[in-house]
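Structure file final13.txt (compact mmCIF, C-alpha atoms and all ligand atoms) is printed below.
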# COMPACT_ATOMS: atom_id res chain seq x y z
CA MET W 1 0.09 -13.30 7.44
CA ASP W 2 -3.47 -14.16 6.34
CA ALA W 3 -3.68 -11.66 3.47
CA GLY W 4 -5.84 -13.99 1.40
CA ALA W 5 -6.54 -12.59 -2.05
CA TYR W 6 -4.22 -9.62 -1.34
CA ALA W 7 -1.15 -11.73 -0.52
CA ASN W 8 0.81 -10.51 -3.57
CA ASP W 9 0.13 -6.83 -2.81
CA ILE W 10 1.37 -6.57 0.77
CA GLU W 11 5.00 -5.64 1.43
CA GLN W 12 5.16 -5.72 5.21
CA VAL W 13 2.77 -6.24 8.11
CA LEU W 14 3.12 -3.31 10.55
CA LEU W 15 0.40 -4.26 13.01
CA SER W 16 -0.75 -7.87 13.28
CA ARG W 17 -4.34 -8.90 13.86
CA GLU W 18 -3.41 -9.99 17.41
CA GLU W 19 -1.67 -6.70 18.27
CA ILE W 20 -4.62 -4.70 17.01
CA GLN W 21 -7.20 -6.79 18.84
CA GLY W 22 -5.20 -6.55 22.09
CA ARG W 23 -4.92 -2.77 21.98
CA VAL W 24 -8.54 -2.28 20.94
CA ALA W 25 -9.66 -4.37 23.91
CA GLU W 26 -7.46 -2.26 26.24
CA LEU W 27 -8.86 0.99 24.86
CA GLY W 28 -12.40 -0.35 25.20
CA ALA W 29 -11.77 -1.13 28.86
CA ARG W 30 -10.32 2.36 29.47
CA ILE W 31 -13.25 4.02 27.75
CA THR W 32 -15.70 1.89 29.76
CA ALA W 33 -14.07 3.04 33.01
CA ASP W 34 -13.79 6.71 31.96
CA TYR W 35 -17.42 7.05 30.86
CA GLU W 36 -19.07 4.99 33.60
CA GLY W 37 -22.49 6.42 34.46
CA LEU W 38 -22.57 8.58 31.32
CA ASP W 39 -24.35 8.10 28.01
CA LEU W 40 -21.77 7.90 25.29
CA LEU W 41 -22.17 8.63 21.58
CA LEU W 42 -19.60 7.13 19.22
CA ILE W 43 -19.14 9.04 15.98
CA GLY W 44 -17.31 7.09 13.29
CA VAL W 45 -15.53 8.84 10.46
CA LEU W 46 -16.36 6.93 7.29
CA LYS W 47 -15.24 5.00 5.63
CA GLY W 48 -11.95 4.12 7.31
CA ALA W 49 -13.20 3.89 10.91
CA PHE W 50 -15.95 1.32 10.35
CA VAL W 51 -13.82 -1.68 11.31
CA LEU W 52 -12.39 -0.07 14.45
CA MET W 53 -15.85 1.19 15.39
CA ALA W 54 -17.31 -2.33 15.18
CA ASP W 55 -14.52 -3.95 17.22
CA LEU W 56 -14.08 -1.14 19.75
CA SER W 57 -17.78 -0.78 20.50
CA ARG W 58 -17.99 -4.43 21.46
CA HIS W 59 -15.33 -3.83 24.12
CA ILE W 60 -17.25 -0.93 25.65
CA GLY W 61 -19.55 -2.15 28.40
CA LEU W 62 -21.86 0.87 28.43
CA PRO W 63 -25.09 1.93 26.75
CA LEU W 64 -23.92 3.38 23.44
CA GLU W 65 -25.36 5.41 20.60
CA PHE W 66 -23.79 5.47 17.15
CA ASP W 67 -23.61 8.01 14.39
CA PHE W 68 -21.37 8.45 11.34
CA MET W 69 -19.90 11.22 9.27
CA ALA W 70 -18.26 10.82 5.91
CA VAL W 71 -15.51 13.14 4.78
CA SER W 72 -13.47 13.31 1.62
CA SER W 73 -10.21 11.36 1.75
CA TYR W 74 -7.31 10.81 -0.60
CA GLY W 75 -9.19 8.88 -3.27
CA ALA W 76 -6.60 6.93 -5.20
CA ALA W 77 -3.70 9.24 -4.22
CA THR W 78 -1.53 8.76 -1.14
CA GLN W 79 -0.93 12.40 -0.18
CA THR W 80 -3.32 14.55 1.81
CA SER W 81 -4.86 17.46 -0.06
CA GLY W 82 -5.61 19.47 3.07
CA VAL W 83 -9.12 20.03 1.75
CA VAL W 84 -11.83 18.49 3.90
CA ARG W 85 -15.33 18.05 2.57
CA ILE W 86 -18.29 16.65 4.52
CA LEU W 87 -19.93 14.06 2.29
CA LYS W 88 -22.39 12.86 4.93
CA ASP W 89 -23.29 14.73 8.08
CA LEU W 90 -24.54 13.30 11.38
CA ASP W 91 -28.12 12.03 11.57
CA HIS W 92 -28.74 13.57 15.02
CA GLU W 93 -27.93 16.58 17.17
CA ILE W 94 -25.02 16.16 19.61
CA ALA W 95 -25.72 19.11 21.94
CA GLY W 96 -25.25 18.02 25.58
CA LYS W 97 -23.93 14.56 24.65
CA HIS W 98 -20.65 12.90 25.54
CA VAL W 99 -19.05 12.33 22.15
CA LEU W 100 -16.14 10.10 21.23
CA LEU W 101 -14.95 10.61 17.67
CA VAL W 102 -13.53 7.40 16.20
CA GLU W 103 -10.89 7.82 13.47
CA ASP W 104 -8.78 5.31 11.61
CA ILE W 105 -5.56 7.26 11.21
CA VAL W 106 -4.19 10.72 11.89
CA ASP W 107 -1.67 11.79 9.26
CA SER W 108 -1.33 15.57 8.78
CA GLY W 109 -4.13 15.99 11.32
CA LEU W 110 -6.02 18.37 9.02
CA THR W 111 -9.09 16.14 8.77
CA LEU W 112 -9.35 15.64 12.51
CA SER W 113 -8.67 19.27 13.28
CA TYR W 114 -11.46 20.33 10.93
CA LEU W 115 -13.89 17.78 12.36
CA LEU W 116 -13.19 18.74 15.97
CA LYS W 117 -13.73 22.42 15.21
CA ASN W 118 -16.94 21.62 13.39
CA LEU W 119 -18.28 19.35 16.16
CA ARG W 120 -17.38 21.80 18.94
CA THR W 121 -19.69 24.41 17.42
CA ARG W 122 -22.56 21.93 18.05
CA ARG W 123 -21.95 22.12 21.82
CA PRO W 124 -21.43 18.51 22.97
CA ALA W 125 -21.06 17.94 26.75
CA SER W 126 -17.59 16.53 26.00
CA LEU W 127 -15.58 15.64 22.93
CA GLU W 128 -12.64 13.22 22.78
CA VAL W 129 -10.89 11.25 20.06
CA CYS W 130 -10.09 7.57 19.66
CA ALA W 131 -7.74 6.78 16.76
CA LEU W 132 -6.25 3.48 15.72
CA MET W 133 -3.03 5.08 14.46
CA GLN W 134 -1.14 8.32 14.52
CA LYS W 135 1.77 8.86 12.13
CA ASN W 136 4.94 10.19 13.76
CA ASP W 137 6.45 13.56 12.84
CA VAL W 138 3.95 14.62 10.15
CA GLN W 139 1.27 16.49 12.09
CA GLN W 140 0.69 19.98 10.76
CA VAL W 141 -1.62 20.93 13.64
CA PRO W 142 -1.25 20.08 17.35
CA LEU W 143 -3.92 17.57 18.38
CA ASP W 144 -4.86 15.96 21.66
CA ILE W 145 -5.81 12.34 20.96
CA LYS W 146 -6.88 10.82 24.25
CA TYR W 147 -7.28 7.22 23.10
CA ARG W 148 -4.63 6.22 20.57
CA ALA W 149 -3.86 2.59 19.86
CA PHE W 150 -0.60 2.88 17.88
CA ASP W 151 2.08 5.30 16.72
CA ILE W 152 3.44 4.33 13.32
CA PRO W 153 6.14 5.70 11.00
CA PRO W 154 4.95 8.16 8.30
CA VAL W 155 4.32 5.57 5.61
CA PHE W 156 1.17 4.80 3.62
CA VAL W 157 -0.67 1.83 5.10
CA VAL W 158 -3.73 -0.23 4.27
CA GLY W 159 -5.95 -2.72 6.08
CA TYR W 160 -8.27 -2.76 9.10
CA GLY W 161 -10.53 -0.19 7.43
CA LEU W 162 -7.88 1.72 5.48
CA ASP W 163 -7.88 1.58 1.71
CA PHE W 164 -5.92 2.28 -1.39
CA GLY W 165 -8.37 2.99 -4.21
CA GLU W 166 -11.17 1.42 -2.08
CA ARG W 167 -9.36 -1.91 -1.75
CA PHE W 168 -7.70 -3.62 1.24
CA ARG W 169 -10.16 -2.36 3.90
CA ASN W 170 -11.06 -5.93 4.89
CA LEU W 171 -7.53 -7.02 5.79
CA PRO W 172 -7.46 -7.97 9.49
CA PHE W 173 -3.98 -6.41 9.90
CA VAL W 174 -2.30 -3.12 8.89
CA GLY W 175 0.49 -3.25 6.33
CA THR W 176 2.36 -1.45 3.59
CA LEU W 177 1.88 -2.07 -0.13
CA ARG W 178 4.43 -3.27 -2.61
CA PRO W 179 5.54 -0.44 -4.95
CA GLU W 180 4.07 -2.28 -7.96
CA VAL W 181 0.57 -1.72 -6.58
CA TYR W 182 0.98 2.09 -6.80
CA ARG W 183 2.64 1.84 -10.20
CA ASP W 184 -0.14 -0.29 -11.61
CA ALA W 185 -2.74 2.14 -10.22
CA VAL W 186 -1.37 5.17 -12.11
CA THR W 187 -0.58 3.50 -15.42
P1 LIG W 201 -5.00 13.72 7.52
O1 LIG W 201 -6.03 14.78 7.30
O2 LIG W 201 -3.75 13.98 6.73
O3 LIG W 201 -4.70 13.47 8.98
O4 LIG W 201 -5.56 12.39 6.88
C1 LIG W 201 -6.58 11.67 7.48
C2 LIG W 201 -7.31 10.74 6.53
O5 LIG W 201 -6.54 10.42 5.37
C3 LIG W 201 -7.57 9.43 7.22
O6 LIG W 201 -8.80 9.45 7.94
C4 LIG W 201 -7.55 8.44 6.10
O7 LIG W 201 -8.83 8.36 5.49
C5 LIG W 201 -6.57 9.03 5.11
N1 LIG W 201 -5.22 8.47 5.30
C6 LIG W 201 -4.16 9.07 5.91
N2 LIG W 201 -3.09 8.27 5.91
C7 LIG W 201 -3.47 7.13 5.30
C8 LIG W 201 -2.80 5.90 5.01
O8 LIG W 201 -1.61 5.67 5.32
N3 LIG W 201 -3.55 4.94 4.36
C9 LIG W 201 -4.85 5.14 4.00
N4 LIG W 201 -5.51 6.26 4.26
C10 LIG W 201 -4.84 7.27 4.90

Turn this file's structure into structure tokens for me.
Amino acid sequence: MDAGAYANDIEQVLLSREEIQGRVAELGARITADYEGLDLLLIGVLKGAFVLMADLSRHIGLPLEFDFMAVSSYGAATQTSGVVRILKDLDHEIAGKHVLLVEDIVDSGLTLSYLLKNLRTRRPASLEVCALMQKNDVQQVPLDIKYRAFDIPPVFVVGYGLDFGERFRNLPFVGTLRPEVYRDAVT
């Protein structure tokens, strides 16, 4: 499984490195075809999307600009609070630009819904979403995610950018944690 120093913490691998890399390459090719002739701006939602952003962008054969936003996430808890806070805003204006928002995972959808509403007010030429994962049956708001790599069950996952208490982001796969890891984090 290649979990390295985290080998004792991982319960199950949900998405292998190979599966992820295959899907990311496919999405990159689709995005390249869809945006041909247009200038595209990728906006990554920190911190979780940084790994997908790096891999995906290298499968997009177009001139690209990059920007990042940081929003509040769960911290060390595993339940969404529904409260979204912008910790870092974009560096540049997006008016008139073709924007692709890159997200790690859509759980309740509250974060993404807030971000889309916020970005729409800045009048981009177009606005679409690319997400690595969407959890099944837990969305509290209807969302149209044009480029989605995987649907997963509604479980808490780590790896490929996703953390628990800021750890596990550098795992090359996505997996679930052993229950002891949560227990040790609260005691
Ligand atoms: P939502 O607002 O409930 O859709 O949550 C979105 C954000 O919560 C994501 O961008 C992640 O930062 C975080 N998140 C949601 N589910 C998970 C998970 O299973 N593992 C790690 N972080 C998660």

Ligand LIG 201 (chain W) neighbours within 8 Å using all atoms listed in the file, as JSON, numbers by chain: {"W": [45, 46, 47, 48, 49, 72, 73, 74, 78, 79, 80, 81, 82, 84, 103, 104, 105, 106, 107, 108, 109, 110, 111, 112, 113, 135, 139, 154, 155, 156, 157, 158, 162, 163, 164]}

Kindly indicate which residue among W:Cys130, W:Ile94, W:Val71, W:Val51 lies nearest to Ile31 of chain W, using all atoms listed in the file for the distances.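 Checking each candidate against Ile31 of chain W, we get W:Cys130 as the closest.
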
Atom CA of Phe66 of chain W to atom CA of Leu171 of chain W, distance in Å rounded to a single decimal: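 Atom CA of Leu171 of chain W lies at a distance of 23.4 Å from atom CA of Phe66 of chain W.
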
Taking into account all atoms listed in the file, which residue in the set W:Leu177, W:Ala70, W:Leu119, W:Ala149 is nearest to Lys97 of chain W?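 Distance minimum relative to Lys97 of chain W lands on W:Leu119.
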
Just give me the gap between atom CA of Gly22 of chain W and atom CA of Leu132 of chain W in Å, one decimal is fine.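 If I compute the distance from atom CA of Gly22 of chain W to atom CA of Leu132 of chain W, I get 11.9 Å.
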
Which is closest to Glu93 of chain W among W:Phe168, W:Tyr35, W:Phe150, W:Phe68, if we use only C-alpha atoms?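 Result for the nearest residue to Glu93 of chain W: W:Phe68.
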
Identify which of the residues W:Gly161, W:Pro172, W:Pro179, W:Pro63 lies closest to Gly44 of chain W, counting only C-alpha atoms when measuring atom-to-atom distances.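 Smallest separation from Gly44 of chain W among the options: W:Gly161.
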